[in-house]
>>> print(open('run-v2.tsv').read())   # TSV, C-alpha atoms and all ligand atoms
chain	number	residue	atom	x	y	z
A	1	MET	CA	132.01	12.20	-78.55
A	2	GLN	CA	132.76	15.78	-79.57
A	3	GLU	CA	135.41	15.95	-76.82
A	4	LYS	CA	137.16	12.83	-78.12
A	5	ILE	CA	137.10	14.12	-81.67
A	6	LEU	CA	138.63	17.41	-80.51
A	7	GLU	CA	141.29	15.54	-78.52
A	8	ALA	CA	142.19	13.42	-81.54
A	9	LYS	CA	142.14	16.44	-83.83
A	10	ASN	CA	144.62	18.28	-81.58
A	11	ILE	CA	146.96	15.29	-81.45
A	12	ILE	CA	146.85	14.97	-85.25
A	13	GLU	CA	147.31	18.70	-85.86
A	14	GLU	CA	150.32	18.93	-83.58
A	15	SER	CA	152.14	16.00	-85.14
A	16	PRO	CA	154.20	16.51	-88.32
A	17	SER	CA	154.37	12.74	-88.87
A	18	LEU	CA	151.56	10.21	-89.02
A	19	ALA	CA	151.24	6.48	-89.63
A	20	VAL	CA	147.73	5.27	-90.40
A	21	LEU	CA	146.57	1.65	-90.43
A	22	THR	CA	143.30	0.82	-92.18
A	23	GLY	CA	141.15	-2.29	-92.46
A	24	ALA	CA	137.94	-3.28	-94.19
A	25	GLY	CA	135.85	-0.90	-92.02
A	26	ILE	CA	137.09	2.19	-93.87
A	27	SER	CA	135.62	0.82	-97.11
A	28	ALA	CA	132.32	-0.30	-95.54
A	29	GLU	CA	130.71	3.07	-96.30
A	30	SER	CA	131.69	2.56	-99.95
A	31	GLY	CA	129.49	-0.55	-99.96
A	32	ILE	CA	132.26	-3.16	-99.67
A	33	PRO	CA	131.34	-5.84	-97.09
A	34	THR	CA	133.80	-6.25	-94.20
A	35	PHE	CA	135.15	-9.74	-93.45
A	36	ARG	CA	133.77	-10.26	-89.98
A	37	GLY	CA	130.60	-8.16	-90.20
A	38	SER	CA	127.16	-9.74	-90.64
A	39	ASP	CA	127.26	-8.99	-94.40
A	40	GLY	CA	130.83	-10.28	-94.79
A	41	LEU	CA	130.17	-13.97	-95.20
A	42	TRP	CA	129.99	-15.31	-98.73
A	43	LYS	CA	127.94	-18.54	-99.06
A	44	ASN	CA	128.60	-19.12	-95.33
A	45	TYR	CA	132.38	-19.44	-95.71
A	46	SER	CA	134.67	-17.53	-93.35
A	47	PRO	CA	137.65	-15.68	-94.93
A	48	GLN	CA	140.01	-18.27	-93.38
A	49	GLN	CA	138.19	-21.04	-95.28
A	50	LEU	CA	138.78	-19.33	-98.63
A	51	ALA	CA	141.87	-17.11	-98.40
A	52	SER	CA	144.48	-19.84	-98.01
A	53	PRO	CA	146.80	-21.91	-100.23
A	54	ASN	CA	145.09	-25.10	-99.01
A	55	ALA	CA	141.62	-23.86	-99.90
A	56	PHE	CA	142.90	-22.90	-103.35
A	57	LYS	CA	144.58	-26.26	-103.88
A	58	LYS	CA	141.39	-28.06	-102.90
A	59	ASP	CA	138.99	-25.98	-104.96
A	60	PRO	CA	140.48	-23.17	-107.08
A	61	LYS	CA	137.14	-22.49	-108.78
A	62	LEU	CA	135.38	-21.87	-105.45
A	63	VAL	CA	138.09	-19.49	-104.25
A	64	TRP	CA	138.01	-17.69	-107.58
A	65	GLU	CA	134.18	-17.37	-107.42
A	66	TRP	CA	134.64	-15.54	-104.10
A	67	TYR	CA	137.31	-13.23	-105.55
A	68	ASP	CA	135.27	-12.64	-108.71
A	69	TRP	CA	132.29	-11.65	-106.52
A	70	ARG	CA	134.46	-9.24	-104.52
A	71	ARG	CA	136.10	-7.82	-107.68
A	72	GLN	CA	132.63	-7.04	-109.05
A	73	ILE	CA	131.63	-5.16	-105.85
A	74	ILE	CA	134.96	-3.31	-105.63
A	75	ASP	CA	134.84	-2.37	-109.32
A	76	LYS	CA	131.60	-0.45	-108.71
A	77	ALA	CA	132.73	1.18	-105.42
A	78	THR	CA	134.06	4.71	-105.08
A	79	PRO	CA	136.06	6.26	-102.22
A	80	ASN	CA	133.98	7.63	-99.33
A	81	PRO	CA	134.67	10.76	-97.23
A	82	GLY	CA	136.95	8.70	-94.92
A	83	HIS	CA	139.32	7.81	-97.78
A	84	THR	CA	139.23	11.37	-99.08
A	85	ALA	CA	139.94	12.86	-95.64
A	86	LEU	CA	143.08	10.72	-95.30
A	87	ALA	CA	144.37	11.96	-98.67
A	88	ARG	CA	143.72	15.53	-97.55
A	89	ILE	CA	145.48	15.03	-94.19
A	90	GLU	CA	148.46	13.46	-96.00
A	91	ALA	CA	148.86	16.60	-98.09
A	92	GLU	CA	149.26	18.66	-94.89
A	93	LYS	CA	151.92	16.47	-93.24
A	94	GLU	CA	155.69	16.36	-93.58
A	95	LYS	CA	155.62	12.60	-93.24
A	96	PHE	CA	152.62	10.34	-93.75
A	97	THR	CA	152.35	6.60	-94.35
A	98	LEU	CA	149.11	4.78	-95.04
A	99	ILE	CA	149.41	1.12	-94.13
A	100	THR	CA	146.40	-0.81	-95.38
A	101	GLN	CA	145.22	-4.38	-95.13
A	102	ASN	CA	142.70	-3.62	-97.86
A	103	ILE	CA	143.17	-4.92	-101.38
A	104	ASP	CA	140.47	-2.73	-102.94
A	105	GLY	CA	142.62	0.19	-104.16
A	106	LEU	CA	140.20	2.86	-102.87
A	107	HIS	CA	142.95	4.77	-101.02
A	108	GLN	CA	144.78	5.17	-104.33
A	109	LYS	CA	141.56	6.29	-106.03
A	110	ALA	CA	141.03	8.89	-103.27
A	111	GLY	CA	144.47	10.39	-103.94
A	112	SER	CA	146.58	8.94	-101.10
A	113	GLN	CA	150.22	8.73	-102.18
A	114	ASN	CA	152.44	6.92	-99.70
A	115	ILE	CA	150.64	3.59	-99.35
A	116	ILE	CA	151.85	0.23	-98.09
A	117	GLN	CA	149.48	-2.59	-99.15
A	118	LEU	CA	150.16	-5.32	-96.60
A	119	HIS	CA	147.96	-7.89	-98.34
A	120	GLY	CA	148.56	-6.83	-101.96
A	121	SER	CA	145.93	-5.88	-104.54
A	122	ILE	CA	142.84	-7.71	-105.79
A	123	TRP	CA	143.74	-6.58	-109.34
A	124	GLU	CA	147.05	-8.51	-109.37
A	125	ILE	CA	146.95	-12.18	-110.36
A	126	LYS	CA	149.82	-14.66	-110.58
A	127	CYS	CA	150.56	-18.03	-112.15
A	128	THR	CA	150.87	-20.96	-109.74
A	129	GLU	CA	153.26	-22.68	-112.20
A	130	CYS	CA	155.66	-20.13	-113.70
A	131	GLY	CA	155.08	-17.19	-111.32
A	132	THR	CA	154.09	-14.73	-114.07
A	133	THR	CA	152.19	-11.81	-112.52
A	134	GLU	CA	149.65	-9.69	-114.30
A	135	THR	CA	147.46	-6.68	-113.53
A	136	ASN	CA	143.96	-7.72	-114.49
A	137	TYR	CA	140.86	-5.48	-114.25
A	138	GLU	CA	138.45	-7.84	-116.10
A	139	VAL	CA	135.10	-7.97	-114.33
A	140	PRO	CA	133.85	-10.67	-114.33
A	141	ILE	CA	137.17	-12.36	-114.99
A	142	GLY	CA	135.71	-15.05	-117.34
A	143	ALA	CA	136.21	-18.82	-117.16
A	144	LEU	CA	137.29	-19.86	-113.66
A	145	PRO	CA	140.02	-20.47	-112.72
A	146	PRO	CA	141.81	-18.21	-115.23
A	147	VAL	CA	144.90	-19.69	-116.91
A	148	CYS	CA	148.33	-18.23	-117.60
A	149	ASN	CA	148.97	-16.77	-121.08
A	150	ASN	CA	152.57	-17.88	-120.76
A	151	CYS	CA	152.38	-21.54	-119.64
A	152	SER	CA	148.63	-22.37	-119.28
A	153	GLY	CA	149.10	-22.92	-115.52
A	154	ILE	CA	146.31	-21.94	-113.13
A	155	MET	CA	146.35	-18.27	-112.13
A	156	ARG	CA	145.65	-17.33	-108.50
A	157	PRO	CA	144.81	-14.00	-106.87
A	158	GLY	CA	148.09	-12.21	-106.14
A	159	THR	CA	147.01	-11.29	-102.62
A	160	VAL	CA	148.61	-12.49	-99.38
A	161	TRP	CA	146.65	-15.34	-97.80
A	162	PHE	CA	146.41	-16.90	-94.35
A	163	GLY	CA	149.45	-19.12	-93.90
A	164	GLU	CA	151.53	-16.94	-96.21
A	165	ILE	CA	154.21	-14.45	-95.26
A	166	ILE	CA	154.09	-10.76	-96.10
A	167	PRO	CA	157.42	-9.99	-97.86
A	168	MET	CA	160.10	-8.88	-95.35
A	169	SER	CA	160.78	-5.69	-97.33
A	170	ILE	CA	157.15	-4.62	-96.79
A	171	ILE	CA	157.25	-5.45	-93.07
A	172	ASP	CA	160.54	-3.52	-92.67
A	173	LYS	CA	159.08	-0.48	-94.44
A	174	THR	CA	155.96	-0.66	-92.28
A	175	ILE	CA	157.84	-0.85	-88.99
A	176	LEU	CA	160.14	1.98	-90.03
A	177	SER	CA	157.17	4.18	-90.91
A	178	ILE	CA	155.63	3.57	-87.47
A	179	GLU	CA	158.96	4.26	-85.77
A	180	GLU	CA	159.35	7.53	-87.67
A	181	SER	CA	155.86	8.79	-86.82
A	182	GLU	CA	154.77	10.55	-83.64
A	183	VAL	CA	151.16	9.46	-83.98
A	184	MET	CA	149.37	6.39	-85.28
A	185	ILE	CA	145.69	6.22	-86.28
A	186	ILE	CA	144.05	2.80	-86.53
A	187	ILE	CA	140.83	2.73	-88.53
A	188	GLY	CA	138.20	0.06	-89.19
A	189	THR	CA	140.13	-3.10	-88.42
A	190	SER	CA	139.00	-5.82	-86.03
A	191	GLY	CA	142.60	-6.21	-84.80
A	192	VAL	CA	142.62	-10.00	-84.93
A	193	VAL	CA	144.82	-10.71	-87.96
A	194	GLU	CA	148.60	-10.46	-87.55
A	195	PRO	CA	150.88	-8.70	-88.18
A	196	ALA	CA	148.57	-5.66	-88.41
A	197	ALA	CA	146.91	-6.60	-85.10
A	198	SER	CA	150.10	-5.85	-83.15
A	199	MET	CA	151.03	-2.60	-84.85
A	200	GLY	CA	149.07	-0.34	-82.51
A	201	LEU	CA	150.73	-1.90	-79.47
A	202	MET	CA	154.11	-1.65	-81.15
A	203	ALA	CA	153.49	2.07	-81.62
A	204	LYS	CA	152.29	2.49	-78.02
A	205	GLN	CA	155.34	0.70	-76.65
A	206	SER	CA	157.59	3.02	-78.65
A	207	GLY	CA	155.96	6.04	-77.00
A	208	LYS	CA	153.67	7.07	-79.87
A	209	LYS	CA	150.18	8.44	-79.40
A	210	VAL	CA	147.59	6.04	-80.81
A	211	ILE	CA	144.07	6.98	-81.89
A	212	GLU	CA	141.53	4.35	-82.93
A	213	ILE	CA	138.31	4.82	-84.91
A	214	ASN	CA	135.97	1.84	-85.09
A	215	LEU	CA	132.27	1.11	-84.83
A	216	GLU	CA	133.08	-1.45	-82.13
A	217	GLN	CA	135.63	-1.96	-79.35
A	218	THR	CA	138.58	-4.09	-80.49
A	219	PRO	CA	140.95	-6.17	-78.31
A	220	ASN	CA	143.32	-3.21	-77.70
A	221	SER	CA	140.92	-0.23	-77.74
A	222	SER	CA	141.33	0.39	-74.00
A	223	LEU	CA	145.13	0.64	-74.34
A	224	TYR	CA	145.09	3.45	-76.88
A	225	ASP	CA	145.13	7.19	-76.12
A	226	VAL	CA	141.82	7.99	-77.81
A	227	PHE	CA	139.15	5.53	-78.95
A	228	ILE	CA	136.36	7.00	-81.07
A	229	GLN	CA	133.42	4.64	-81.51
A	230	ALA	CA	131.94	5.88	-84.77
A	231	LYS	CA	131.93	5.51	-88.54
A	232	SER	CA	135.24	6.49	-90.12
A	233	GLY	CA	133.55	8.20	-93.08
A	234	GLU	CA	131.72	10.49	-90.68
A	235	THR	CA	134.64	11.01	-88.26
A	236	LEU	CA	137.74	11.58	-90.39
A	237	PRO	CA	136.42	14.67	-92.24
A	238	LEU	CA	135.73	16.24	-88.82
A	239	PHE	CA	139.46	16.46	-88.17
A	240	TYR	CA	139.63	19.38	-90.54
A	241	LYS	CA	135.95	20.45	-90.66
A	242	ILE	CA	135.17	20.55	-86.94
A	243	ASP	CA	136.22	24.21	-86.54
A	244	GLU	CA	133.75	25.16	-89.26
A	245	ILE	CA	131.02	23.03	-87.69
A	246	TYR	CA	131.30	23.95	-84.01
A	247	ASN	CA	132.61	27.55	-84.06
B	301	LIG	P1	137.26	-7.12	-90.37
B	301	LIG	O1	136.06	-7.46	-91.18
B	301	LIG	O2	137.85	-8.19	-89.52
B	301	LIG	O3	136.95	-5.90	-89.41
B	301	LIG	C1	136.33	-4.73	-89.87
B	301	LIG	C2	136.27	-3.74	-88.73
B	301	LIG	O4	135.74	-2.53	-89.21
B	301	LIG	C3	135.40	-4.18	-87.55
B	301	LIG	O5	136.13	-4.01	-86.35
B	301	LIG	C4	134.19	-3.23	-87.62
B	301	LIG	O6	133.70	-2.90	-86.32
B	301	LIG	C5	134.82	-2.01	-88.28
B	301	LIG	N1	133.89	-1.17	-89.05
B	301	LIG	C6	132.87	-1.55	-89.85
B	301	LIG	N2	132.31	-0.49	-90.45
B	301	LIG	C7	132.99	0.60	-90.01
B	301	LIG	C8	132.89	2.00	-90.29
B	301	LIG	N3	131.98	2.50	-91.12
B	301	LIG	N4	133.75	2.83	-89.65
B	301	LIG	C9	134.68	2.34	-88.78
B	301	LIG	N5	134.82	1.03	-88.50
B	301	LIG	C10	134.00	0.16	-89.12
B	301	LIG	O7	138.35	-6.54	-91.39
B	301	LIG	P2	139.92	-6.40	-91.20
B	301	LIG	O8	140.28	-6.08	-89.81
B	301	LIG	O9	140.39	-5.48	-92.28
B	301	LIG	O10	142.93	-10.76	-94.76
B	301	LIG	O11	140.39	-7.86	-91.53
B	301	LIG	C11	141.75	-8.17	-91.50
B	301	LIG	C12	142.08	-9.21	-92.54
B	301	LIG	O12	141.26	-10.37	-92.33
B	301	LIG	C13	141.76	-8.82	-93.97
B	301	LIG	O13	142.76	-8.04	-94.57
B	301	LIG	C14	141.63	-10.13	-94.65
B	301	LIG	C15	140.74	-10.80	-93.63
B	301	LIG	O14	140.59	-12.10	-93.69
B	301	LIG	C16	143.13	-11.74	-95.64
B	301	LIG	O15	142.31	-12.08	-96.46
B	301	LIG	C17	144.49	-12.37	-95.54
>>> encode(input="run-v2.tsv", output="structure tokens", more="lines below")
Ligand code: OAD
Amino acid sequence: MQEKILEAKNIIEESPSLAVLTGAGISAESGIPTFRGSDGLWKNYSPQQLASPNAFKKDPKLVWEWYDWRRQIIDKATPNPGHTALARIEAEKEKFTLITQNIDGLHQKAGSQNIIQLHGSIWEIKCTECGTTETNYEVPIGALPPVCNNCSGIMRPGTVWFGEIIPMSIIDKTILSIEESEVMIIIGTSGVVEPAASMGLMAKQSGKKVIEINLEQTPNSSLYDVFIQAKSGETLPLFYKIDEIYN
């Protein structure tokens, strides 16, 4: 394991430009359940059964109960050493983009600057009738579903759901950031939800070095340059602390 960490550390140190992709695993050590882990199921529903326009149409209160539960957990969570390490690495690089599927805002809290939120933010809500959007930090959010101050329509979470399209401008920015980076690090994502699932392969095919950190093998782990099977909160700080630890 030490060898792999050293290999990854050298690749990262030598590259002036980095693109990083994160998923729910990076926030697991902050106490936020992942989606596909054993603690990730809420009342036995899978994320696909709740995070979709159809699910919301059928039962907005149920979907909101799930979001309200997650907002309460996220509200109490603080960044862990994995989030903090990424902010510190960013400060040392000429070019650094943090692409995240997470909607929890912990990268921002840790001090990361150049962030692309592929799936939006759990603190944004929007009206299903008039489209008004609002930043809302109320925890719990009150009567469910919340209604629009403007037109009394039902408000929905402003996040991107299954069956919905991530805005083209965000996809373009993401692809450009991968193209402009020499190295990509993929952290704590199961690699089964598109478009994020294909980003590591996209980077590989464009000749980038790809490093993955995950507790488990994912569908593309064997195709990447370095796969480190470990917790991100324990691994990422080693990229700058390992000299102090092992010398
Ligand atoms: P998942 O729950 O699918 O995967 C979490 C990954 O993190 C798994 O591969 C775990 O092995 C890994 N993991 C857990 N703890 C870890 C730790 N401490 N260190 C490193 N790795 C760890 O979450 P995502 O891949 O983020 O989308 O899920 C992708 C999307 O599916 C989400 O953004 C969400 C979900 O449904 C929508 O809601 C649209």
>>> residues_near_ligand(input="run-v2.tsv", ligand="ligand LIG 301 (chain B)", cutoff="9 Å", atoms="only C-alpha atoms and all ligand atoms", output="PyMOL selection string")
chain A and resi 22-30+33-37+40+46-48+50-52+82+100-103+118-119+159-164+187-194+196-197+213-218+229-235
>>> residues_around(input="run-v2.tsv", residues="region 67-70 of chain A", least_positions_apart="3", cutoff="8 Å", atoms="all atoms listed in the file", output="list of chain:residue names")
A:Val63, A:Trp64, A:Ile73, A:Ile74, A:Ile122, A:Val139, A:Pro140, A:Ile141, A:Pro157
>>> closest_residue(input="run-v2.tsv", among="A:Leu41, A:Ile125, A:Leu144, A:Val20", to="Gly158 (chain A)", atoms="all atoms listed in the file")
A:Ile125
>>> residues_around(input="run-v2.tsv", residues="Gln108 (chain A)", least_positions_apart="3", cutoff="10 Å", atoms="all atoms listed in the file", output="compact mmCIF listing (two decimals) with C-alpha atoms, in the coordinates of the input")
# COMPACT_ATOMS: atom_id res chain seq x y z
CA PRO A 79 136.06 6.26 -102.22
CA HIS A 83 139.32 7.81 -97.78
CA THR A 84 139.23 11.37 -99.08
CA ALA A 87 144.37 11.96 -98.67
CA ASP A 104 140.47 -2.73 -102.94
CA GLY A 105 142.62 0.19 -104.16
CA GLY A 111 144.47 10.39 -103.94
CA SER A 112 146.58 8.94 -101.10
CA GLN A 113 150.22 8.73 -102.18
CA ASN A 114 152.44 6.92 -99.70
CA ILE A 115 150.64 3.59 -99.35
>>> closest_residue(input="run-v2.tsv", among="A:Gln72, A:Gln2, A:Gln117, A:Asn44", to="Pro167 (chain A)", atoms="only C-alpha atoms")
A:Gln117
>>> residues_around(input="run-v2.tsv", residues="Cys148 (chain A)", least_positions_apart="3", cutoff="9 Å", atoms="only C-alpha atoms", output="VMD selection string")
chain A and resid 126 to 130 132 151 to 155
>>> write_last_selection(input="run-v2.tsv", atoms="C-alpha atoms", output="JSON list (two decimals), in the frame of the given file")
[["chain", "number", "residue", "atom", "x", "y", "z"],
["A", 126, "LYS", "CA", 149.82, -14.66, -110.58],
["A", 127, "CYS", "CA", 150.56, -18.03, -112.15],
["A", 128, "THR", "CA", 150.87, -20.96, -109.74],
["A", 129, "GLU", "CA", 153.26, -22.68, -112.20],
["A", 130, "CYS", "CA", 155.66, -20.13, -113.70],
["A", 132, "THR", "CA", 154.09, -14.73, -114.07],
["A", 151, "CYS", "CA", 152.38, -21.54, -119.64],
["A", 152, "SER", "CA", 148.63, -22.37, -119.28],
["A", 153, "GLY", "CA", 149.10, -22.92, -115.52],
["A", 154, "ILE", "CA", 146.31, -21.94, -113.13],
["A", 155, "MET", "CA", 146.35, -18.27, -112.13]]
>>> atom_distance(input="run-v2.tsv", atom1="CA of Thr135 (chain A)", atom2="CA of Lys109 (chain A)")
16.1 Å
>>> atom_distance(input="run-v2.tsv", atom1="CA of Leu236 (chain A)", atom2="CA of Ala85 (chain A)")
5.8 Å
>>> atom_distance(input="run-v2.tsv", atom1="CA of Ile89 (chain A)", atom2="CA of Ile228 (chain A)")
17.9 Å
>>> closest_residue(input="run-v2.tsv", among="A:Ile175, A:Ile12, A:Ile32, A:Leu62", to="Pro145 (chain A)", atoms="only C-alpha atoms")
A:Leu62
>>> closest_residue(input="run-v2.tsv", among="A:Phe96, A:Phe56, A:Tyr137, A:Phe227", to="Lys76 (chain A)", atoms="only C-alpha atoms")
A:Tyr137
>>> closest_residue(input="run-v2.tsv", among="A:Asn220, A:Ser177, A:Ser206, A:Asn10", to="Ile99 (chain A)", atoms="all atoms listed in the file")
A:Ser177
>>> residues_around(input="run-v2.tsv", residues="Glu182 (chain A)", least_positions_apart="3", cutoff="9 Å", atoms="only C-alpha atoms", output="VMD selection string")
chain A and resid 15 to 19 178 to 179 203 207 to 210
>>> closest_residue(input="run-v2.tsv", among="A:Lys57, A:Glu212, A:Glu13, A:Tyr45", to="Met199 (chain A)", atoms="only C-alpha atoms")
A:Glu212
